[in-house]
Structures are given as C-alpha cells and as structure tokens.
$ cat coords.csv   # CSV, C-alpha atoms
chain,number,residue,atom,x,y,z
A,1,MET,CA,44.0,45.8,-44.6
A,2,ALA,CA,47.5,47.1,-45.2
A,3,ARG,CA,47.3,49.4,-42.2
A,4,SER,CA,46.1,46.5,-40.0
A,5,HIS,CA,49.0,44.3,-41.2
A,6,LEU,CA,51.5,47.2,-40.6
A,7,LYS,CA,50.1,47.7,-37.1
A,8,ALA,CA,50.4,44.0,-36.3
A,9,SER,CA,54.0,43.9,-37.6
A,10,ARG,CA,54.8,47.0,-35.5
A,11,LEU,CA,53.3,45.4,-32.3
A,12,ALA,CA,55.2,42.1,-33.0
A,13,LEU,CA,58.4,44.1,-33.3
A,14,GLU,CA,57.8,46.0,-30.1
A,15,ASP,CA,57.1,42.6,-28.3
A,16,ASP,CA,60.4,41.2,-29.7
A,17,VAL,CA,62.3,44.3,-28.5
A,18,ALA,CA,60.7,44.1,-25.1
A,19,LEU,CA,61.5,40.4,-24.8
A,20,GLU,CA,65.1,41.0,-25.9
A,21,TYR,CA,65.5,43.9,-23.4
A,22,PHE,CA,64.1,41.7,-20.6
A,23,MET,CA,66.4,38.8,-21.4
A,24,ASN,CA,69.4,41.1,-21.6
A,25,SER,CA,68.6,42.7,-18.3
A,26,LEU,CA,68.7,39.3,-16.7
A,27,ASN,CA,72.3,38.6,-17.8
A,28,PHE,CA,73.7,40.5,-14.8
A,29,ILE,CA,75.8,37.7,-13.2
A,30,ASN,CA,79.0,36.5,-14.8
A,31,HIS,CA,78.6,32.7,-15.3
A,32,PRO,CA,79.5,30.3,-18.1
A,33,LEU,CA,76.0,30.6,-19.7
A,34,VAL,CA,76.0,34.4,-20.1
A,35,GLY,CA,74.6,35.4,-23.5
A,36,THR,CA,72.5,32.2,-23.8
A,37,PRO,CA,68.8,32.1,-23.2
A,38,TYR,CA,69.2,29.5,-20.5
A,39,GLY,CA,71.7,31.8,-18.9
A,40,SER,CA,68.9,34.4,-18.7
A,41,ALA,CA,66.8,31.6,-17.1
A,42,LEU,CA,69.5,31.1,-14.5
A,43,ASP,CA,69.6,34.8,-13.6
A,44,LEU,CA,65.8,34.7,-13.3
A,45,CYS,CA,66.1,31.6,-11.0
A,46,ILE,CA,68.5,33.6,-8.7
A,47,VAL,CA,66.0,36.5,-8.6
A,48,LEU,CA,63.1,34.1,-7.8
A,49,ALA,CA,65.1,32.2,-5.1
A,50,THR,CA,66.0,35.5,-3.4
A,51,THR,CA,62.4,36.6,-3.6
A,52,CYS,CA,61.1,33.4,-2.1
A,53,TRP,CA,63.5,33.6,0.8
A,54,VAL,CA,62.5,37.3,1.5
A,55,LEU,CA,58.8,36.5,1.3
A,56,SER,CA,59.2,33.5,3.6
A,57,ILE,CA,60.8,35.8,6.2
A,58,LEU,CA,58.1,38.5,5.8
A,59,THR,CA,55.1,36.2,5.8
A,60,ARG,CA,56.3,33.3,7.9
A,61,GLU,CA,55.0,31.0,5.2
A,62,TYR,CA,57.5,28.7,3.6
A,63,SER,CA,55.6,27.4,0.5
A,64,TRP,CA,56.7,30.2,-1.9
A,65,VAL,CA,59.0,27.9,-3.7
A,66,ASP,CA,56.1,25.4,-4.0
A,67,ARG,CA,54.0,28.1,-5.6
A,68,LEU,CA,56.7,28.7,-8.2
A,69,TRP,CA,57.7,25.1,-8.7
A,70,SER,CA,54.9,24.3,-11.2
A,71,VAL,CA,55.3,27.5,-13.2
A,72,VAL,CA,58.9,28.3,-13.8
A,73,PRO,CA,59.9,25.3,-15.9
A,74,ALA,CA,57.5,26.3,-18.6
A,75,VAL,CA,58.8,29.9,-18.3
A,76,TYR,CA,62.4,28.7,-18.7
A,77,CYS,CA,61.5,26.7,-21.8
A,78,LEU,CA,59.6,29.6,-23.3
A,79,ILE,CA,62.7,31.8,-22.9
A,80,VAL,CA,64.7,29.3,-24.9
A,81,ALA,CA,62.0,28.7,-27.5
A,82,SER,CA,61.5,32.4,-28.1
A,83,ASP,CA,65.2,32.9,-28.6
A,84,LEU,CA,65.0,30.4,-31.6
A,85,GLU,CA,61.8,32.2,-32.8
A,86,TYR,CA,60.0,28.9,-32.3
A,87,GLN,CA,61.9,27.4,-35.3
A,88,SER,CA,63.2,24.3,-33.5
A,89,ALA,CA,60.8,21.4,-33.5
A,90,ARG,CA,62.5,19.6,-30.6
A,91,VAL,CA,62.6,22.8,-28.4
A,92,ASN,CA,59.0,23.5,-29.3
A,93,VAL,CA,57.9,20.0,-28.3
A,94,MET,CA,59.8,20.2,-25.0
A,95,THR,CA,58.2,23.6,-24.3
A,96,VAL,CA,54.7,22.2,-25.0
A,97,LEU,CA,55.4,19.2,-22.7
A,98,ALA,CA,56.7,21.4,-19.9
A,99,THR,CA,53.7,23.7,-20.2
A,100,MET,CA,51.3,20.7,-20.1
A,101,TRP,CA,53.1,19.5,-17.0
A,102,ALA,CA,52.9,23.0,-15.5
A,103,ILE,CA,49.1,23.3,-16.1
A,104,ARG,CA,48.4,20.0,-14.4
A,105,LEU,CA,50.5,20.7,-11.4
A,106,THR,CA,49.4,24.3,-11.0
A,107,PHE,CA,45.7,23.3,-11.2
A,108,ASN,CA,46.1,20.5,-8.7
A,109,TYR,CA,48.0,22.8,-6.3
A,110,ALA,CA,45.5,25.6,-6.7
A,111,ARG,CA,42.4,23.5,-5.9
A,112,LYS,CA,44.1,22.3,-2.7
A,113,GLY,CA,44.4,26.0,-1.7
A,114,GLY,CA,48.2,26.2,-2.1
A,115,TYR,CA,48.1,29.7,-3.6
A,116,TRP,CA,45.9,31.2,-0.8
A,117,ILE,CA,47.1,32.8,2.4
A,118,GLY,CA,47.6,30.0,4.9
A,119,GLY,CA,48.0,27.4,2.2
A,120,GLU,CA,51.4,26.4,3.4
A,121,ASP,CA,52.5,22.8,2.8
A,122,TYR,CA,51.8,20.7,6.0
A,123,ARG,CA,55.4,19.3,5.8
A,124,TRP,CA,56.9,22.7,6.6
A,125,VAL,CA,54.7,23.0,9.6
A,126,TYR,CA,55.8,19.5,10.8
A,127,LEU,CA,59.5,20.3,10.3
A,128,ARG,CA,59.3,23.6,12.2
A,129,LYS,CA,58.1,21.6,15.2
A,130,GLN,CA,61.0,19.2,14.9
A,131,MET,CA,63.8,21.9,14.5
A,132,SER,CA,65.0,24.9,16.5
A,133,SER,CA,64.3,28.3,14.9
A,134,LEU,CA,67.9,28.7,13.8
A,135,GLN,CA,68.0,25.2,12.3
A,136,PHE,CA,64.8,25.7,10.3
A,137,GLN,CA,65.9,29.2,9.0
A,138,LEU,CA,69.2,27.8,7.8
A,139,MET,CA,67.3,25.0,6.0
A,140,ASN,CA,64.9,27.6,4.6
A,141,VAL,CA,67.6,29.7,3.0
A,142,ILE,CA,69.9,26.9,1.9
A,143,VAL,CA,67.7,23.9,1.1
A,144,VAL,CA,64.3,25.4,0.4
A,145,ALA,CA,64.8,28.8,-1.3
A,146,ILE,CA,68.2,28.3,-3.0
A,147,GLY,CA,68.4,24.5,-3.2
A,148,GLN,CA,64.9,23.8,-4.5
A,149,MET,CA,64.9,26.6,-7.0
A,150,ALA,CA,68.3,25.4,-8.3
A,151,VAL,CA,66.9,21.9,-8.7
A,152,VAL,CA,64.0,23.2,-10.7
A,153,TRP,CA,66.4,25.1,-13.0
A,154,LEU,CA,68.6,22.1,-13.4
A,155,PHE,CA,65.8,19.5,-14.2
A,156,THR,CA,64.6,21.9,-17.0
A,157,SER,CA,68.1,22.4,-18.3
A,158,PRO,CA,68.0,19.7,-21.0
A,159,ILE,CA,66.3,22.3,-23.2
A,160,HIS,CA,69.6,24.2,-23.2
A,161,GLN,CA,71.3,21.2,-24.8
A,162,ALA,CA,68.4,21.0,-27.3
A,163,TRP,CA,69.0,24.7,-28.0
A,164,ALA,CA,72.8,24.1,-28.6
A,165,TYR,CA,72.0,21.5,-31.2
A,166,ALA,CA,68.9,23.1,-32.6
A,167,GLU,CA,69.8,22.4,-36.2
A,168,ARG,CA,69.6,18.6,-35.6
A,169,PRO,CA,66.3,17.1,-36.6
A,170,MET,CA,64.1,15.0,-34.2
A,171,GLY,CA,64.9,11.3,-34.2
A,172,TRP,CA,63.3,8.1,-32.8
A,173,LEU,CA,64.4,8.8,-29.3
A,174,ASP,CA,62.5,12.1,-29.3
A,175,PHE,CA,59.3,10.3,-30.3
A,176,VAL,CA,59.8,7.7,-27.6
A,177,ALA,CA,60.3,10.4,-25.1
A,178,VAL,CA,57.1,12.2,-26.1
A,179,VAL,CA,55.0,9.0,-25.7
A,180,VAL,CA,56.6,8.1,-22.4
A,181,PHE,CA,56.2,11.7,-21.0
A,182,LEU,CA,52.6,11.9,-22.0
A,183,ALA,CA,51.8,8.4,-20.6
A,184,LEU,CA,53.4,9.4,-17.2
A,185,LEU,CA,51.5,12.7,-17.3
A,186,ALA,CA,48.2,10.9,-17.9
A,187,PHE,CA,48.9,8.5,-15.0
A,188,GLU,CA,49.9,11.3,-12.7
A,189,SER,CA,46.7,13.2,-13.6
A,190,ILE,CA,44.7,10.1,-12.8
A,191,ALA,CA,46.4,9.8,-9.4
A,192,ASP,CA,45.7,13.4,-8.7
A,193,VAL,CA,41.9,12.9,-9.4
A,194,GLN,CA,41.8,9.7,-7.2
A,195,MET,CA,43.6,11.4,-4.3
A,196,TRP,CA,41.4,14.5,-4.6
A,197,ARG,CA,38.2,12.5,-4.5
A,198,PHE,CA,39.4,10.4,-1.6
A,199,GLN,CA,40.4,13.5,0.4
A,200,GLN,CA,37.1,15.3,-0.4
A,201,ASN,CA,35.1,12.2,0.6
A,202,LYS,CA,37.1,11.9,3.8
A,203,LYS,CA,36.5,15.6,4.6
A,204,GLN,CA,32.8,15.1,4.1
A,205,LEU,CA,32.6,12.1,6.4
A,206,VAL,CA,34.5,14.1,9.1
A,207,GLN,CA,32.0,17.0,8.8
A,208,GLU,CA,29.1,14.6,9.1
A,209,GLY,CA,30.6,13.1,12.2
A,210,VAL,CA,31.0,9.7,10.5
A,211,GLU,CA,33.9,7.5,11.5
A,212,VAL,CA,36.6,7.3,8.7
A,213,GLU,CA,37.4,3.6,8.4
A,214,GLN,CA,40.2,4.1,5.8
A,215,PRO,CA,42.1,7.3,6.7
A,216,PHE,CA,44.8,7.1,4.0
A,217,MET,CA,44.6,6.3,0.3
A,218,ASP,CA,45.4,2.7,-0.7
A,219,SER,CA,43.2,2.1,-3.8
A,220,GLY,CA,43.3,3.0,-7.5
A,221,LEU,CA,46.8,3.6,-8.6
A,222,PHE,CA,47.9,3.6,-5.0
A,223,ARG,CA,47.4,-0.2,-4.9
A,224,PHE,CA,50.5,-0.5,-7.1
A,225,CYS,CA,52.9,1.9,-5.3
A,226,ARG,CA,52.5,4.2,-2.3
A,227,HIS,CA,53.5,7.3,-4.2
A,228,PRO,CA,52.4,7.0,-7.9
A,229,SER,CA,52.5,10.8,-8.4
A,230,TYR,CA,56.2,10.9,-7.3
A,231,PHE,CA,57.0,8.0,-9.5
A,232,CYS,CA,55.5,9.7,-12.5
A,233,GLU,CA,57.1,13.0,-11.7
A,234,MET,CA,60.6,11.6,-11.5
A,235,GLY,CA,60.0,9.5,-14.7
A,236,MET,CA,58.8,12.6,-16.7
A,237,TRP,CA,61.9,14.6,-16.0
A,238,VAL,CA,64.2,11.7,-16.6
A,239,THR,CA,62.4,11.3,-19.9
A,240,PHE,CA,62.9,15.1,-20.5
A,241,TYR,CA,66.6,14.5,-20.4
A,242,ALA,CA,66.2,12.0,-23.3
A,243,PHE,CA,65.6,15.0,-25.6
A,244,ALA,CA,69.1,16.3,-24.7
A,245,VAL,CA,70.6,12.9,-25.4
A,246,SER,CA,68.9,12.8,-28.8
A,247,ALA,CA,69.9,16.3,-29.7
A,248,SER,CA,73.6,16.0,-28.8
A,249,GLY,CA,74.3,12.3,-29.2
A,250,GLN,CA,75.9,12.4,-25.7
A,251,PHE,CA,74.5,10.0,-23.2
A,252,TRP,CA,75.8,12.0,-20.2
A,253,HIS,CA,75.9,15.8,-20.0
A,254,TRP,CA,75.7,18.3,-17.1
A,255,THR,CA,72.0,18.9,-17.9
A,256,GLY,CA,71.3,15.4,-16.7
A,257,LEU,CA,72.3,16.4,-13.2
A,258,GLY,CA,68.8,17.9,-12.7
A,259,CYS,CA,66.8,14.7,-12.9
A,260,VAL,CA,69.3,13.0,-10.6
A,261,LEU,CA,68.9,15.7,-8.0
A,262,LEU,CA,65.2,15.6,-8.4
A,263,ILE,CA,65.1,11.9,-7.6
A,264,LEU,CA,67.1,12.7,-4.4
A,265,VAL,CA,64.7,15.4,-3.5
A,266,PHE,CA,61.8,13.1,-3.9
A,267,GLN,CA,63.5,10.5,-1.7
A,268,GLY,CA,63.6,13.0,1.1
A,269,SER,CA,60.0,14.2,0.5
A,270,THR,CA,58.8,10.6,0.4
A,271,ARG,CA,60.6,9.7,3.6
A,272,LEU,CA,59.1,12.8,5.4
A,273,ALA,CA,55.6,12.1,4.1
A,274,GLU,CA,55.8,8.5,5.3
A,275,GLN,CA,57.1,9.4,8.7
A,276,ILE,CA,54.1,11.8,9.1
A,277,SER,CA,51.6,9.2,7.9
A,278,SER,CA,53.1,6.5,10.1
A,279,GLU,CA,52.7,8.7,13.2
A,280,LYS,CA,49.1,9.6,12.3
A,281,TYR,CA,47.8,6.2,11.1
A,282,PRO,CA,48.7,3.0,13.0
A,283,ALA,CA,47.5,0.8,10.0
A,284,TYR,CA,49.9,2.6,7.7
A,285,SER,CA,52.7,0.1,8.5
A,286,LYS,CA,50.6,-2.7,7.0
A,287,TYR,CA,50.3,-0.7,3.8
A,288,GLN,CA,54.1,-0.1,3.8
A,289,ALA,CA,54.7,-3.8,4.2
A,290,SER,CA,52.5,-4.9,1.3
A,291,VAL,CA,52.9,-2.1,-1.3
A,292,PRO,CA,56.2,-0.9,-2.9
A,293,LYS,CA,57.1,2.7,-2.2
A,294,LEU,CA,57.7,4.1,-5.7
A,295,ILE,CA,58.2,1.4,-8.4
A,296,PRO,CA,55.1,-0.6,-9.2
A,297,PHE,CA,55.1,-4.4,-9.4
A,298,THR,CA,58.2,-4.7,-7.3
A,299,ARG,CA,59.0,-5.2,-3.6
A,300,LEU,CA,61.3,-2.2,-3.5
A,301,GLY,CA,60.7,0.0,-0.5
A,302,CYS,CA,58.4,-2.4,1.3
A,303,ILE,CA,59.0,-2.3,5.0
A,304,PRO,CA,58.4,-5.4,7.1
A,305,GLU,CA,55.6,-4.8,9.5
A,306,LYS,CA,56.7,-4.7,13.1
$ encode --input "coords.csv" --output "structure tokens"
Amino acid sequence: MARSHLKASRLALEDDVALEYFMNSLNFINHPLVGTPYGSALDLCIVLATTCWVLSILTREYSWVDRLWSVVPAVYCLIVASDLEYQSARVNVMTVLATMWAIRLTFNYARKGGYWIGGEDYRWVYLRKQMSSLQFQLMNVIVVAIGQMAVVWLFTSPIHQAWAYAERPMGWLDFVAVVVFLALLAFESIADVQMWRFQQNKKQLVQEGVEVEQPFMDSGLFRFCRHPSYFCEMGMWVTFYAFAVSASGQFWHWTGLGCVLLILVFQGSTRLAEQISSEKYPAYSKYQASVPKLIPFTRLGCIPEK
C-alpha cells in the first residue's frame, strides 16, 4: 500500500514538472502577461494560429481554425486552473463550463464531418468564389488564422481576471452566471438537435427523389429567431465575462473585449449565412420578414419582404 502511494505521488510530481516545463516553454514572447498562466495561453494561441495558416496553405482547406475553435477555450481554462492547483472555486467552475461548451460544440462539429478531410465549412468555399486569390489569402492570414484565433483567446480571457482575484469567494453574480450559462447551453444543444434532424430528413428526401417542400429550417427554436445557436453562443460568452466582474468588482476590464469582438464576428457570419440562404431559397425572404434575426420576441433584424 505504501509503495503504491509513493508511486502515485512520484507520478503526480512528474506530471506537475512536465506541465510546468510545458508552460514555461510557451513563454517565449515578451508581452505584458509573461509569467502568468494566461500568458502561456497567449503564446499557445500564437503557435496555433501560425499552424492553422500553414496547414491551410498546404492542404487548401480553410477550416483549421474551425476545428480548433471548440477545443482551445477549455485548454486555456485548464492551463489557468492547473496553475492554481484547482484551489479556486470560481476558476474551477469557469473551466467546467468552458469544457461543457467545448464538448457540445466539438460533438456537433464532428458529426457534421468537420474534422474529416474535405469537411471544410461551406462559407469558405463561397467566399473563395467571390474573391480573387490574393484577396482570399490576405483574408485567410489576417482575419481567419490570426484574427479568429485571437478572438477565441480574448473571449476566454475573463478567466485571467478570475485568476488575478482567486482569493475572492464566489458571490451572487457568479451563481446567476452559472444558471444563465447552463440555460443558454441547453437551448443551443436543443437547436443543434433540431437542425441536425432537419438536415438528415432533408438529405433522406433528396436521396429518395422526393421534392423538399421546406428547404430551410423555420420550426422549433427557429420560429423565435433565425439563428438561435448564434444568440446562445454570444450570450454564453457575455455571461462568462460576468465571472470576471464578480471576481474583480470592475464592470469594465480588457478581458471584456473578447465577448464584444465575438458579437461582431457573429454579425459577419450571420450576414454571410443569410446571403447564401437568400440566393439558394427564394422563400427565405419571407422568413426574414417575419422572424427576428438573433433576439427572440423582437422585430430586430426583420427585413421587409421585397
């Protein structure tokens, strides 16, 4: 029994040394967060952004950032939580929530074939047809590889603020944030299931040679807004920032920049998705006129039918 305990302790020590070596090796760029766990996450972000850009050039596929998008927030949070030896309740809760979010998104992306060769997002294919080769490659390096990976790092950054005030106990705002985050995660999961079933049924009808009467999703949660998953996604990361507010007592901090940029990213993604849908489905304009774009039970984003 004593030997087993000694062996386990030795393995745990070796793991801690390996993790510390890994994090120290990442601190290779001089920036204001050097020496902090989230500084290590920033260096990892730079490495991953560069890797995504190189892979996109070598493979001519541009979804490498999409494949990492769902994974790295949980990794960044784990780096911070491990630095505190999992002793901060707030940081642990944030890490668990980010991991739950990561599992949902990774699963949904994987079953759609996003991780397989040729599983490139249809929007990149569309954009390549709209741009010259030079224009698209400039967008690829600046907006896709660097820009999107930077946004992912930023919208996860509230955990750095929680780390900086790790000694402060959780308060009422933390508990509200947990409830809201989980509610939005549940609604987004429901939207995923509804869209998956719709697409699978549509695919089955096409294979059977049956006419598809309703080619785009407008039922379930999609009755209340045209992009419920985007609405929930933005809401979750705005809620994630509430943990930083609770920890520091500061309403505005640089770690709030991430959720703001994420909202802007989704505005662009929504606009592109709607442009593609409008070109494919003549009836989509009627849907746009009657259902709000992002915020349920409003008329925001409704476009008068021409």
$ closest_residue --input "coords.csv" --among "A:His160, A:Lys202, A:His253, A:Arg123" --to "Ile276 (chain A)" --atoms "all atoms listed in the file"
A:Arg123
$ atom_distance --input "coords.csv" --atom1 "CA of Gln161 (chain A)" --atom2 "CA of Ser229 (chain A)"
27.0 Å
$ atom_distance --input "coords.csv" --atom1 "CA of Val180 (chain A)" --atom2 "CA of Leu105 (chain A)"
17.8 Å
$ closest_atom_pairs --input "coords.csv" --of "region 145-164 of chain A" --to "region 29-51 of chain A" --cutoff "9 Å" --atoms "all atoms listed in the file" --output "Markdown table"
| residue | atom | partner | partner_atom | distance |
| --- | --- | --- | --- | --- |
| A:Ala145 | CA | A:Ala49 | CA | 5.1 |
| A:Ile146 | CA | A:Ala49 | CA | 5.4 |
| A:Gly147 | CA | A:Ala49 | CA | 8.6 |
| A:Gln148 | CA | A:Ala49 | CA | 8.4 |
| A:Met149 | CA | A:Ala49 | CA | 5.9 |
| A:Ala150 | CA | A:Cys45 | CA | 7.1 |
| A:Val152 | CA | A:Cys45 | CA | 8.7 |
| A:Trp153 | CA | A:Cys45 | CA | 6.8 |
| A:Ser157 | CA | A:Tyr38 | CA | 7.5 |
| A:Ile159 | CA | A:Tyr38 | CA | 8.2 |
| A:His160 | CA | A:Tyr38 | CA | 6.0 |
| A:Trp163 | CA | A:Pro37 | CA | 8.8 |
$ residues_near_point --input "coords.csv" --point "(50.9, 22.4, -18.4)" --cutoff "12 Å" --atoms "all atoms listed in the file" --output "list in words"
Ser70, Val71, Val72, Pro73, Ala74, Val75, Cys77, Met94, Thr95, Val96, Leu97, Ala98, Thr99, Met100, Trp101, Ala102, Ile103, Arg104, Leu105, Thr106, Phe107, Asn108, Leu182, Leu185, Ala186 and Ser189 of chain A
$ residues_around --input "coords.csv" --residues "Arg60 (chain A)" --least-positions-apart "3" --cutoff "12 Å" --atoms "all atoms listed in the file" --output "ChimeraX atom specification"
/A:52-57,63-64,117-120,124-125,128,133,136-137,140
$ atom_distance --input "coords.csv" --atom1 "CA of Gln199 (chain A)" --atom2 "CA of Lys129 (chain A)"
24.5 Å
$ residues_near_point --input "coords.csv" --point "(63.4, 14.9, 0.5)" --cutoff "12 Å" --atoms "only C-alpha atoms" --output "ChimeraX atom specification"
/A:123-124,127,143-144,147-148,230,261-275
$ write_last_selection --input "coords.csv" --atoms "C-alpha atoms" --output "mmCIF file, in the coordinates of the input"
data_model
loop_
_atom_site.group_PDB
_atom_site.id
_atom_site.type_symbol
_atom_site.label_atom_id
_atom_site.label_comp_id
_atom_site.auth_asym_id
_atom_site.auth_seq_id
_atom_site.Cartn_x
_atom_site.Cartn_y
_atom_site.Cartn_z
ATOM 1 C CA ARG A 123 55.400 19.300 5.800
ATOM 2 C CA TRP A 124 56.900 22.700 6.600
ATOM 3 C CA LEU A 127 59.500 20.300 10.300
ATOM 4 C CA VAL A 143 67.700 23.900 1.100
ATOM 5 C CA VAL A 144 64.300 25.400 0.400
ATOM 6 C CA GLY A 147 68.400 24.500 -3.200
ATOM 7 C CA GLN A 148 64.900 23.800 -4.500
ATOM 8 C CA TYR A 230 56.200 10.900 -7.300
ATOM 9 C CA LEU A 261 68.900 15.700 -8.000
ATOM 10 C CA LEU A 262 65.200 15.600 -8.400
ATOM 11 C CA ILE A 263 65.100 11.900 -7.600
ATOM 12 C CA LEU A 264 67.100 12.700 -4.400
ATOM 13 C CA VAL A 265 64.700 15.400 -3.500
ATOM 14 C CA PHE A 266 61.800 13.100 -3.900
ATOM 15 C CA GLN A 267 63.500 10.500 -1.700
ATOM 16 C CA GLY A 268 63.600 13.000 1.100
ATOM 17 C CA SER A 269 60.000 14.200 0.500
ATOM 18 C CA THR A 270 58.800 10.600 0.400
ATOM 19 C CA ARG A 271 60.600 9.700 3.600
ATOM 20 C CA LEU A 272 59.100 12.800 5.400
ATOM 21 C CA ALA A 273 55.600 12.100 4.100
ATOM 22 C CA GLU A 274 55.800 8.500 5.300
ATOM 23 C CA GLN A 275 57.100 9.400 8.700
#
$ residues_around --input "coords.csv" --residues "region 290-298 of chain A" --least-positions-apart "6" --cutoff "9 Å" --atoms "all atoms listed in the file" --output "list in words"
Asp218, Phe222, Arg223, Phe224, Cys225, Arg226, His227, Pro228, Ser229, Tyr230, Phe231, Thr270, Pro304 and Glu305 of chain A
$ write_last_selection --input "coords.csv" --atoms "C-alpha atoms" --output "JSON list (two decimals), in the frame of the given file"
[["chain", "number", "residue", "atom", "x", "y", "z"],
["A", 218, "ASP", "CA", 45.40, 2.70, -0.70],
["A", 222, "PHE", "CA", 47.90, 3.60, -5.00],
["A", 223, "ARG", "CA", 47.40, -0.20, -4.90],
["A", 224, "PHE", "CA", 50.50, -0.50, -7.10],
["A", 225, "CYS", "CA", 52.90, 1.90, -5.30],
["A", 226, "ARG", "CA", 52.50, 4.20, -2.30],
["A", 227, "HIS", "CA", 53.50, 7.30, -4.20],
["A", 228, "PRO", "CA", 52.40, 7.00, -7.90],
["A", 229, "SER", "CA", 52.50, 10.80, -8.40],
["A", 230, "TYR", "CA", 56.20, 10.90, -7.30],
["A", 231, "PHE", "CA", 57.00, 8.00, -9.50],
["A", 270, "THR", "CA", 58.80, 10.60, 0.40],
["A", 304, "PRO", "CA", 58.40, -5.40, 7.10],
["A", 305, "GLU", "CA", 55.60, -4.80, 9.50]]
$ closest_residue --input "coords.csv" --among "A:Val260, A:Leu300, A:Val151, A:Ala166" --to "Glu85 (chain A)" --atoms "only C-alpha atoms"
A:Ala166
$ closest_residue --input "coords.csv" --among "A:Arg168, A:Trp69, A:Tyr281, A:Phe251" --to "Val212 (chain A)" --atoms "all atoms listed in the file"
A:Tyr281
$ decode --input "coords.csv" --residues "region 203-257 of chain A" --atoms "C-alpha atoms" --output "compact mmCIF listing (two decimals), in the first residue's frame"
# COMPACT_ATOMS: atom_id res chain seq x y z
CA LYS A 203 -30.93 14.59 -47.11
CA GLN A 204 -33.10 11.46 -46.96
CA LEU A 205 -35.82 13.08 -49.07
CA VAL A 206 -33.28 14.16 -51.69
CA GLN A 207 -31.83 10.64 -51.86
CA GLU A 208 -35.32 9.22 -52.35
CA GLY A 209 -36.04 11.71 -55.11
CA VAL A 210 -38.84 13.36 -53.15
CA GLU A 211 -39.39 17.10 -53.54
CA VAL A 212 -38.31 19.07 -50.47
CA GLU A 213 -41.15 21.45 -49.70
CA GLN A 214 -39.35 23.28 -46.89
CA PRO A 215 -35.64 23.58 -47.77
CA PHE A 216 -34.57 25.66 -44.75
CA MET A 217 -35.25 25.35 -41.03
CA ASP A 218 -38.07 27.54 -39.66
CA SER A 219 -39.59 25.41 -36.90
CA GLY A 220 -38.70 24.58 -33.29
CA LEU A 221 -36.47 27.24 -31.75
CA PHE A 222 -36.01 28.65 -35.24
CA ARG A 223 -39.56 30.02 -35.02
CA PHE A 224 -38.36 32.57 -32.47
CA CYS A 225 -35.19 33.77 -34.21
CA ARG A 226 -33.40 32.82 -37.40
CA HIS A 227 -30.13 31.94 -35.62
CA PRO A 228 -30.86 30.62 -32.10
CA SER A 229 -27.46 28.92 -31.84
CA TYR A 230 -25.65 32.20 -32.54
CA PHE A 231 -27.82 34.01 -30.00
CA CYS A 232 -26.99 31.42 -27.32
CA GLU A 233 -23.31 31.39 -28.26
CA MET A 234 -22.94 35.14 -27.85
CA GLY A 235 -24.97 35.08 -24.66
CA MET A 236 -22.80 32.39 -23.07
CA TRP A 237 -19.54 34.27 -23.56
CA VAL A 238 -21.05 37.57 -22.40
CA THR A 239 -22.17 35.63 -19.31
CA PHE A 240 -18.64 34.21 -18.97
CA TYR A 241 -17.38 37.77 -18.56
CA ALA A 242 -19.72 38.19 -15.57
CA PHE A 243 -17.36 35.93 -13.60
CA ALA A 244 -14.55 38.45 -14.16
CA VAL A 245 -16.81 41.26 -12.99
CA SER A 246 -17.72 39.31 -9.86
CA ALA A 247 -14.09 38.45 -9.13
CA SER A 248 -12.62 41.93 -9.57
CA GLY A 249 -15.55 44.20 -8.76
CA GLN A 250 -14.76 46.06 -12.01
CA PHE A 251 -17.59 46.37 -14.51
CA TRP A 252 -15.24 47.02 -17.43
CA HIS A 253 -11.87 45.39 -17.95
CA TRP A 254 -9.83 44.48 -21.05
CA THR A 255 -10.99 40.86 -20.73
CA GLY A 256 -14.45 42.06 -21.76
CA LEU A 257 -13.13 42.91 -25.21
